[in-house]
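Colleague: Structure provided below as structure tokens; questions to follow.
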Amino acid sequence: MQPIRVLKGKRILLGITGSIACYKAVDLASKLTQAGAEVDVILTESAVRFVSPLSFRSVTGRPAYTDLWDLSDHVRHVGLGETADLMLIAPATANTIAKLAAGMADNLLTVTALAARCPLILAPAMDGGMWDHPATQANVQVLQNRGVMLAGPAAGRMASGLEGMGRMVEPQELLGHARLALSRGGPMAGRSVVVTAGPTREPIDPVRFLTNRSTGKQGIAVAQAALDAGASVTLIAGPICEEIPFGADVVRVETVEEMAQAVLTNVEAADALFMVAAVADFRPVTVAERKIKKSDNSEEGMELSLMKTTDILMAVKEQRQSSRFPRVVLGFAAETHNAADYGHEKLLRKGLDFIAINDVTVEGAGFAVDTNRVLLLGPNGVIEEIPLRSKSAVAERLIHHVAEVLNADKGHTA
Ligand code: CTP
């Protein structure tokens, strides 16, 4: 796993309570550590019955704490609590949730939770009946009202063999929750961002369509970087297989028309639009209702008549003239020649604040690869030449520049 910038060097307190889901917490501790976090683990007595502190020490490379009465741990709760950036209790049993709701502090974990001033995420794990019980529900409500964040629980098969709500969510998803919690207060906190990603598909008949080579990697990276900067993100995605970043609201579309509608609706109150999608410029004039048969056409072949699609950015430009939203618009230009000139012309024609130009003929800078090289232009010329880097690193630079414009615009705070 790659290090994750928002997790790098962050101190995370991982509390483990007594549930069979403890075994998943070892994987979670490992993932958080690999992402660059410093993970201090506290296990309750019951948790130690399920999993050994040694397992956590082995994956985090740091001590795992258990005993409140160990003299060397005397002021541990204060120290751990004060220096943590985030506390995550996973799994969190009904018992520990009840104690936290009541403000009880009878073991190192609950004492530390009470002393900590950082955000707290709970990942409940219990039998469905215990989760549904009014006592648990009331305790969860109390904690949420205090600002505690809840990750799950998920529905599925329990250790008891019953199906229901109460399974701890998977470590990968918990990593997403931690990432999101640590992004709060970033340079885009409170901002809403719309990102488009991937190709579009224009149908020819029920089995065929026109599309392009885009895989959505750069759009996904921009959405993730915006989330990491604290923004709320709506991702308008064409047909892509890439994993959607945790925390993004997704709108799935296929055609240019669907994407245009989704963009125009979602930018109505948005701070920024990142138009990363490789939108089709042409679509068939007519879409055959039934599969086009070879026998329907001459021996030589068939002709396909195409017409221009809606230019989404031009439509946004028009809507923006009256609504003033989105405040900042960034377009992309994938070019094969005269990249800077074509890019600059597009920026002016489409009324953009930024255009990220990439020459798709450069090795490692086109479709379906994890890297990109981008020339970022503003209306007054070059803003930054971003050398060949990961698409995530390129996305971070784009977010940086857009955040700078939004944050300089004090008269228009979100
Ligand atoms: N774009 C759009 N609507 C379209 C086509 C493109 O909003 N129908 C957006 C893209 O998402 C991108 C920018 O416009 O952000 C530039 O796309 P590009 O295809 O490079 O530009 P075109 O205007 O289509 O010009 P050309 O294909 O002639 O280079």
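Quick note on naming: the chains in the structure tokens go A, B, ... in the order shown, residues restart at 1 in each chain, and ligands are numbered from 1 in order of appearance.
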May I ask you to write as a list in words all residues lying at most 7 Å from ligand 1, with only C-alpha atoms and all ligand atoms counted?

Modeller: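 Within the 7 Å cut-off, the matching residues are Val256, Met275, Val276, Ala277, Ala278, Val279, Ala280, Asp281, Thr309, Thr310, Asp311, Ile312, Leu313, Met314, Gly331, Phe332, Ala333, Ala334, Glu335 and Lys346 of chain A.
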
Colleague: Give me, as a ChimeraX atom specification, the residues of region 124-277 of chain A that a backbone DSSP run labels strand (DSSP E or B).

Modeller: /A:124,149-150,154-157,163-167,192-197,199,202-205,208-210,232-237,249-252,272-275

Colleague: So how many Å separate CA of Glu363 (chain A) and CA of Val329 (chain A), to one decimal?

Modeller: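 Between CA of Glu363 (chain A) and CA of Val329 (chain A) the gap is 27.5 Å.
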
Colleague: Based on the backbone DSSP call, show me all residues of region 46-184 of chain A assigned alpha helix (DSSP H), as a ChimeraX atom specification.

Modeller: /A:46-50,53-60,76-83,94-102,108-115,128-132,134-145,171-183

Colleague: What are the nearest atom pairs, with distances in Å to one decimal, for all residues of region 217-299 of chain A that come at most 10 Å from region 401-410 of chain A, using only C-alpha atoms, set out by chain and rising residue number as a Markdown table?

Modeller:
```
| residue | atom | partner | partner_atom | distance |
| --- | --- | --- | --- | --- |
| A:Ala226 | CA | A:Ala403 | CA | 9.2 |
| A:Ala229 | CA | A:Ala403 | CA | 8.7 |
| A:Ala231 | CA | A:Ala403 | CA | 9.8 |
| A:Asp271 | CA | A:Leu406 | CA | 7.7 |
| A:Ala272 | CA | A:Val402 | CA | 7.7 |
| A:Leu273 | CA | A:Val402 | CA | 9.7 |
| A:Phe274 | CA | A:Val402 | CA | 9.5 |
```

Colleague: Excluding Leu120 (chain A) and any residue of its chain fewer than 2 positions from it, enumerate the residues within 6 Å of it, using only C-alpha atoms, and give them as an mmCIF file with N, CA, C and O atoms, in the first residue's frame.

Modeller:
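Saved file part27.cif follows:
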```cif
data_model
loop_
_atom_site.group_PDB
_atom_site.id
_atom_site.type_symbol
_atom_site.label_atom_id
_atom_site.label_comp_id
_atom_site.auth_asym_id
_atom_site.auth_seq_id
_atom_site.Cartn_x
_atom_site.Cartn_y
_atom_site.Cartn_z
ATOM 1 N N MET A 87 -8.850 9.297 17.352
ATOM 2 C CA MET A 87 -9.037 8.053 18.101
ATOM 3 C C MET A 87 -10.093 7.230 17.368
ATOM 4 O O MET A 87 -11.123 7.754 16.935
ATOM 5 N N LEU A 88 -9.782 5.946 17.226
ATOM 6 C CA LEU A 88 -10.673 5.055 16.470
ATOM 7 C C LEU A 88 -10.854 3.811 17.320
ATOM 8 O O LEU A 88 -9.861 3.167 17.681
ATOM 9 N N VAL A 148 -19.289 12.406 18.121
ATOM 10 C CA VAL A 148 -18.594 11.149 17.811
ATOM 11 C C VAL A 148 -19.073 10.653 16.447
ATOM 12 O O VAL A 148 -20.258 10.738 16.127
#
```

Colleague: Using only C-alpha atoms, which of the listed residues (A:Val194, A:Leu162, A:Ala98, A:Val207) sits closest to Glu289 (chain A)?

Modeller: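 Among the listed residues, the smallest separation from Glu289 (chain A) belongs to A:Val207.
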
Colleague: Here is a test: counting only C-alpha atoms, which residue of A:Ser192, A:Ser392, A:Pro153, A:Ala135 is nearest to Ile4 (chain A)?

Modeller: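 Going through A:Ser192, A:Ser392, A:Pro153, A:Ala135 one by one, the smallest distance to Ile4 (chain A) is for A:Ser392.
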
Colleague: Residues within 10 Å of Met130 (chain A), please, as a ChimeraX atom specification. Count only C-alpha atoms; anything in the same chain fewer than 2 positions from it doesn't count.

Modeller: /A:93-95,125-128,132-137,165-166

Colleague: Deliver the residues from the most recent selection as a file, using N, CA and C atoms, as a PDB file, in the first residue's frame.

Modeller:
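result32.pdb, freshly written:
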```pdb
ATOM      1  N   THR A  93     -17.591  -2.562  21.228  1.00  0.00           N
ATOM      2  CA  THR A  93     -18.697  -3.412  21.704  1.00  0.00           C
ATOM      3  C   THR A  93     -19.814  -2.548  22.289  1.00  0.00           C
ATOM      4  N   ALA A  94     -20.980  -3.171  22.472  1.00  0.00           N
ATOM      5  CA  ALA A  94     -22.115  -2.478  23.092  1.00  0.00           C
ATOM      6  C   ALA A  94     -21.715  -1.996  24.488  1.00  0.00           C
ATOM      7  N   ASN A  95     -20.926  -2.807  25.192  1.00  0.00           N
ATOM      8  CA  ASN A  95     -20.501  -2.460  26.554  1.00  0.00           C
ATOM      9  C   ASN A  95     -19.649  -1.194  26.548  1.00  0.00           C
ATOM     10  N   ALA A 125     -19.400  -3.374  16.723  1.00  0.00           N
ATOM     11  CA  ALA A 125     -19.417  -4.792  16.339  1.00  0.00           C
ATOM     12  C   ALA A 125     -20.157  -5.540  17.437  1.00  0.00           C
ATOM     13  N   MET A 126     -21.272  -6.087  17.090  1.00  0.00           N
ATOM     14  CA  MET A 126     -22.065  -6.826  18.102  1.00  0.00           C
ATOM     15  C   MET A 126     -23.154  -7.611  17.397  1.00  0.00           C
ATOM     16  N   ASP A 127     -23.859  -8.393  18.173  1.00  0.00           N
ATOM     17  CA  ASP A 127     -24.962  -9.146  17.606  1.00  0.00           C
ATOM     18  C   ASP A 127     -26.093  -8.182  17.219  1.00  0.00           C
ATOM     19  N   GLY A 128     -26.871  -8.571  16.191  1.00  0.00           N
ATOM     20  CA  GLY A 128     -27.928  -7.698  15.687  1.00  0.00           C
ATOM     21  C   GLY A 128     -28.896  -7.253  16.770  1.00  0.00           C
ATOM     22  N   ASP A 132     -29.738  -3.420  17.862  1.00  0.00           N
ATOM     23  CA  ASP A 132     -31.096  -2.869  17.751  1.00  0.00           C
ATOM     24  C   ASP A 132     -31.672  -2.462  19.109  1.00  0.00           C
ATOM     25  N   HIS A 133     -31.097  -2.945  20.174  1.00  0.00           N
ATOM     26  CA  HIS A 133     -31.678  -2.680  21.496  1.00  0.00           C
ATOM     27  C   HIS A 133     -31.778  -1.165  21.751  1.00  0.00           C
ATOM     28  N   PRO A 134     -32.915  -0.752  22.308  1.00  0.00           N
ATOM     29  CA  PRO A 134     -33.084   0.693  22.550  1.00  0.00           C
ATOM     30  C   PRO A 134     -31.968   1.291  23.392  1.00  0.00           C
ATOM     31  N   ALA A 135     -31.393   0.498  24.298  1.00  0.00           N
ATOM     32  CA  ALA A 135     -30.314   1.032  25.146  1.00  0.00           C
ATOM     33  C   ALA A 135     -29.108   1.395  24.281  1.00  0.00           C
ATOM     34  N   THR A 136     -28.729   0.476  23.369  1.00  0.00           N
ATOM     35  CA  THR A 136     -27.569   0.743  22.497  1.00  0.00           C
ATOM     36  C   THR A 136     -27.877   1.923  21.578  1.00  0.00           C
ATOM     37  N   GLN A 137     -29.076   1.915  21.014  1.00  0.00           N
ATOM     38  CA  GLN A 137     -29.440   2.998  20.096  1.00  0.00           C
ATOM     39  C   GLN A 137     -29.397   4.353  20.806  1.00  0.00           C
ATOM     40  N   MET A 165     -27.832  -6.655  11.485  1.00  0.00           N
ATOM     41  CA  MET A 165     -27.020  -5.445  11.471  1.00  0.00           C
ATOM     42  C   MET A 165     -26.108  -5.504  12.684  1.00  0.00           C
ATOM     43  N   GLY A 166     -24.836  -5.388  12.527  1.00  0.00           N
ATOM     44  CA  GLY A 166     -23.957  -5.426  13.693  1.00  0.00           C
ATOM     45  C   GLY A 166     -22.529  -5.817  13.362  1.00  0.00           C
TER      46      GLY A 166
END
```

Colleague: Which residues come within 6 Å of Leu330 (chain A), counting only C-alpha atoms, excluding same-chain residues fewer than 2 positions away, as a short mmCIF file (atom, residue, chain, number, x, y, z; two decimals) with N, CA and C atoms, in the first residue's frame?

Modeller:
```
data_model
loop_
_atom_site.label_atom_id
_atom_site.label_comp_id
_atom_site.auth_asym_id
_atom_site.auth_seq_id
_atom_site.Cartn_x
_atom_site.Cartn_y
_atom_site.Cartn_z
N PHE A 274 -14.27 20.47 -11.58
CA PHE A 274 -13.09 19.92 -12.25
C PHE A 274 -13.61 19.03 -13.37
N ASP A 353 -11.19 29.12 -15.55
CA ASP A 353 -10.22 29.77 -14.68
C ASP A 353 -8.87 29.08 -14.78
N PHE A 354 -8.93 27.77 -15.07
CA PHE A 354 -7.69 26.98 -15.24
C PHE A 354 -7.92 25.98 -16.35
N ILE A 355 -6.83 25.64 -17.05
CA ILE A 355 -6.89 24.47 -17.92
C ILE A 355 -5.63 23.63 -17.70
#
```

Colleague: Which is closest to Leu14 (chain A) among A:Val142, A:Ala64, A:Ala154, A:Val41, if we use only C-alpha atoms?

Modeller: A:Val41

Colleague: Please, what distance in Å, to one decimal, runs between CA of Val263 (chain A) and CA of His344 (chain A)?

Modeller: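 According to the coordinates, CA of Val263 (chain A) and CA of His344 (chain A) are separated by 22.8 Å.
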